[in-house]
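Encoded as structure tokens, the structure appears first; notes follow it.
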Amino acid sequence: MDFISTIIFLVLYYIRPHEHTWGLIYQLVGWMKPIQMVTIFGMVAMVRRPGGIRKSDFLQTPHDWFMLILFAHIVLTAGEFERMKYAFNSLLPVFVFYVIIVQALRNLERLEKFLSVWIGVILVLVTLALLSLAGFDPTGGKDVVDGVMKGRLIFNTSIFNNPNALGHSVVPAIPLVYFLLFWKRPVFIKIPAAFLILLPAFCVFQTQSKGAYLAGGATLLFSMLFKRHWVLQAAMLMLTFGVGITLIKKLPRMDEFSKTEGGIQGRMIAFEFGYDLTTVQAKWTGVGYKKYHETMREQLSGIGIANHGSYNEIGSNTGQIGLFLYLGLLYLSLRVLFFSKPRTVREDRVQRLLFIFVISFGISAWVIDWAY
């Protein structure tokens with residue numbers, strides 16, 4: 001049952017049925033948020049699993065220690081007591097679910113199933129977003145796409161109602177589907193897999209997100225370079241810097257990629273302000289949990305823009321200590337994946353899928369603010 005809770009978590013995170021016209025169940029139990037319900041369900045299932053849980057099950061790896069210390073650091077540096085309580089209540093469900101997922105995915109079979117479902121849920125998100133263009137629109141996003149978004153695709157929920165957020169969340173599915181269903185598979189599986197790869201590619205194209213294009217290109221490149229012979233890696237790099245860059249420049253809105261473009265100027269201002277907070281004003285502990293925007297408005301005479309990046313947000317909110325812990329989690333994850341020695345094709349596939357998820361997140365985190 002603890003494994004089932006992780007699957008429900010994926011569905012709630014990506015599809016978010018409680019936020020649109022399918023949310024009838026949520027209306028009946030509105031006294032508790034769905035994520036809180038599934039977290040409690042996961043905790044109960046974890047405690048009641050065969051054999052129970054032991055103290056030795058926790059804090060087994062450097063990842064666990066880094067995650068615990070980062071959680072504590074964010075809460076303790078949030079500011080006054082009310083801000084600390086706000087940070088604790090906001091992040092506790094996420095931290096608890098980290099523990100539940102670590103405990104639930106305790107063997108290769110579960111890990112493989114979890115990754116497969118994760119990719120499947122992303123494909124469902126892609127399908128629903130694209131179907132909105134054809135008239136099936138449970139989230140009511142078509143009017144937003146045609147109006148304020150000027151034709152750029154969104155999925156009209158709280159975290160995907162922006163073309164950049166949708167694009168960055170969907171783009172890793174391109175190499176993920178390849179390694180899950182195409183790489184070293186029989187031909188009768190490869191044929192439908194080729195079609196499925198086109199779905200996220202077309203979805204990202206419809207978002208017209210410059211950041212997603214670049215992140216997708218970099219993720220695809222790194223996924224193909226991973227564990228290849230150095231001669232093949234060199235050939236791929238030359239092909240990328242030749243043909244690949246030329247093709248990316250042909251994508252929608254890529255001709256706007258210049259320092260004079262409004263979006264680029266906004267990011268430059270955000271990064272410069274965040275760098276000053278992280279290196280000068282609040283070097284070690286930051287300005288506090290989610291106080292970047294508030295601090296900017298106070299210091300720049302009411303001007304307030306988004307931080308435009310996870311590293312910028314973590315560095316400015318939690319200082320260099322928090323940023324070290326955050327980057328440390330990514331480093332530890334990549335280190336494990338680089339030095340793992342799979343013994344079977346199945347283990348090799350799981351290793352590659354995990355690598356894509358980590359590297360895609362690490363790249364996109366530069367330009368999109370999903371730090372927490």
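Residue numbers start at 1 in each chain; chains themselves are named A, B, ... in the order of the structure tokens; ligands are numbered from 1 in the order shown.
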
How close does segment 49-103 of chain A get to segment 327-348 of chain A? List, as a tab-separated table, each residue of segment 49-103 of chain A within 10 Å, its nearest atom pair and the distance in Å to one decimal, counting only C-alpha atoms.
residue	atom	partner	partner_atom	distance
A:Thr61	CA	A:Leu332	CA	9.7
A:Pro62	CA	A:Leu332	CA	7.6
A:His63	CA	A:Leu329	CA	6.1
A:Asp64	CA	A:Leu329	CA	9.1
A:Trp65	CA	A:Leu329	CA	9.6
A:Phe66	CA	A:Leu329	CA	6.5
A:Met67	CA	A:Leu329	CA	7.3
A:Leu70	CA	A:Leu329	CA	9.5

Selection: 10 Å around Thr279 of chain A, only C-alpha atoms, excl. self and same-chain fewer than 6 positions, as a ChimeraX atom specification: /A:286,315-316,319-320

Nearest-residue call for Val177 of chain A, choices A:Lys33, A:Lys190, A:Arg152, A:Lys210, using only C-alpha atoms: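 That would be A:Lys190, the residue with the smallest distance to Val177 of chain A.
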
List the neighbours of Ala306 of chain A out to 10 Å using only C-alpha atoms; skip same-chain residues closer than 5 positions along the sequence, and give me the result as a list in words.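 The neighbour list is Gly266, Arg267, Ile269, Ala270, Phe271, Tyr292, His293, Met296, Glu313, Ile368 and Asp369 of chain A.
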
Excluding Thr39 of chain A and any residue of its chain fewer than 2 positions from it, enumerate the residues within 8 Å of it, using only C-alpha atoms, and give them as a ChimeraX atom specification. /A:5,35-37,41-43,93,96-97

State, in Å with one decimal place, the distance from atom CA of Gly362 of chain A to atom CA of Gly322 of chain A. 15.8 Å

So which residues of segment 182-288 of chain A fall under alpha helix (DSSP H) by DSSP, listed as a short mmCIF file (atom, residue, chain, number, x, y, z; two decimals) with C-alpha atoms, in the first residue's frame?
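Saved the output as states.cif:
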data_model
loop_
_atom_site.label_atom_id
_atom_site.label_comp_id
_atom_site.auth_asym_id
_atom_site.auth_seq_id
_atom_site.Cartn_x
_atom_site.Cartn_y
_atom_site.Cartn_z
CA VAL A 187 10.41 -4.17 -33.02
CA PHE A 188 6.68 -4.54 -32.20
CA ILE A 189 7.26 -2.29 -29.15
CA LYS A 190 9.47 0.17 -31.02
CA ILE A 191 6.78 1.06 -33.55
CA PRO A 192 4.23 2.51 -31.07
CA ALA A 193 7.13 3.95 -29.04
CA ALA A 194 8.17 6.05 -32.05
CA PHE A 195 4.67 7.56 -32.08
CA LEU A 196 4.71 8.21 -28.34
CA ILE A 197 7.99 10.12 -28.64
CA LEU A 198 6.29 12.52 -31.06
CA LEU A 199 3.59 13.45 -28.51
CA PRO A 200 5.84 15.24 -25.95
CA ALA A 201 7.92 16.70 -28.80
CA PHE A 202 4.81 18.25 -30.36
CA CYS A 203 3.58 19.43 -26.95
CA VAL A 204 6.88 21.23 -26.24
CA PHE A 205 6.76 22.72 -29.75
CA GLN A 206 3.29 24.10 -29.01
CA THR A 207 4.46 25.75 -25.77
CA LYS A 210 12.72 28.89 -25.50
CA GLY A 211 13.99 27.55 -22.20
CA ALA A 212 12.26 24.20 -22.76
CA TYR A 213 13.78 23.93 -26.24
CA LEU A 214 17.28 24.49 -24.88
CA ALA A 215 16.76 22.29 -21.81
CA GLY A 216 15.30 19.56 -24.00
CA GLY A 217 18.20 19.72 -26.42
CA ALA A 218 20.75 19.56 -23.59
CA THR A 219 18.88 16.71 -21.84
CA LEU A 220 18.65 14.72 -25.07
CA LEU A 221 22.36 15.29 -25.72
CA PHE A 222 23.46 14.22 -22.23
CA SER A 223 21.18 11.17 -22.29
CA MET A 224 22.75 10.03 -25.56
CA LEU A 225 26.30 10.74 -24.35
CA TRP A 230 34.45 8.68 -26.15
CA VAL A 231 34.74 8.52 -29.97
CA LEU A 232 30.95 8.38 -30.31
CA GLN A 233 30.62 11.14 -27.71
CA ALA A 234 32.95 13.39 -29.73
CA ALA A 235 30.98 12.68 -32.93
CA MET A 236 27.68 13.50 -31.20
CA LEU A 237 29.07 16.75 -29.81
CA MET A 238 30.29 17.87 -33.23
CA LEU A 239 26.93 17.00 -34.77
CA ILE A 245 22.09 24.34 -32.93
CA THR A 246 20.95 25.27 -36.44
CA LEU A 247 17.74 23.27 -35.99
CA ILE A 248 17.02 24.78 -32.57
CA LYS A 249 17.34 28.27 -34.02
CA GLY A 262 12.03 41.71 -22.46
CA GLY A 263 12.06 38.19 -21.03
CA ILE A 264 15.85 37.96 -21.19
CA GLN A 265 16.24 41.38 -19.56
CA GLY A 266 13.89 40.33 -16.75
CA ARG A 267 15.95 37.19 -16.11
CA MET A 268 19.17 39.19 -16.06
CA ILE A 269 17.74 41.58 -13.45
CA ALA A 270 16.45 38.65 -11.37
CA PHE A 271 19.77 36.79 -11.49
CA GLU A 272 21.81 39.90 -10.67
CA PHE A 273 19.60 40.70 -7.68
CA GLY A 274 19.67 37.10 -6.49
CA TYR A 275 23.46 36.95 -6.87
CA ASP A 276 23.81 40.08 -4.73
#

As a short mmCIF file (atom, residue, chain, number, x, y, z; two decimals) with N, CA and C atoms, in the first residue's frame, please: the residues near Gln103 of chain A (cut-off 9 Å, only C-alpha atoms, same-chain neighbours under 3 positions excluded).
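Generated output (around30.cif):
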data_model
loop_
_atom_site.label_atom_id
_atom_site.label_comp_id
_atom_site.auth_asym_id
_atom_site.auth_seq_id
_atom_site.Cartn_x
_atom_site.Cartn_y
_atom_site.Cartn_z
N ASP A 2 2.05 1.20 0.58
CA ASP A 2 2.91 2.37 0.56
C ASP A 2 3.32 2.70 -0.88
N PHE A 3 3.50 1.66 -1.70
CA PHE A 3 3.84 1.89 -3.11
C PHE A 3 2.67 2.54 -3.85
N MET A 46 3.12 2.80 5.34
CA MET A 46 4.53 2.54 5.62
C MET A 46 4.70 1.89 7.00
N ILE A 53 8.58 -0.84 10.33
CA ILE A 53 9.74 -0.01 10.04
C ILE A 53 10.64 0.05 11.28
N ASP A 57 16.05 2.05 9.20
CA ASP A 57 15.58 2.25 7.82
C ASP A 57 15.79 3.69 7.36
N PHE A 58 15.98 4.60 8.31
CA PHE A 58 16.09 6.02 7.97
C PHE A 58 17.55 6.48 8.05
N TYR A 98 9.10 12.45 0.58
CA TYR A 98 10.44 11.97 0.24
C TYR A 98 10.74 10.69 1.02
N VAL A 99 10.46 10.71 2.31
CA VAL A 99 10.71 9.54 3.16
C VAL A 99 9.86 8.35 2.70
N ILE A 100 8.59 8.61 2.39
CA ILE A 100 7.69 7.53 1.97
C ILE A 100 8.19 6.90 0.67
N ARG A 106 11.89 0.03 -2.46
CA ARG A 106 12.98 -0.66 -1.79
C ARG A 106 13.54 -1.83 -2.59
#

When distances are computed from only C-alpha atoms, which of A:Val287, A:Asn164, A:Thr295, A:Arg16 shows the smallest separation from Pro138 of chain A?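 Closest to Pro138 of chain A of all the choices is A:Arg16.
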
Excluding Ser360 of chain A and residues on its chain fewer than 4 positions from it, collect all residues at most 7 Å away from it, counting only C-alpha atoms, and give them as a list of chain:residue names. A:Pro172, A:Thr219, A:Ile356, A:Ser364

Could you jot down the atom CA of Ala87 of chain A to atom CA of Tyr289 of chain A separation for me, Å, one decimal place? 6.4 Å

Quick one, how far is atom CA of His308 of chain A from atom CA of Gln208 of chain A?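 Between atom CA of His308 of chain A and atom CA of Gln208 of chain A the gap works out to 17.0 Å.
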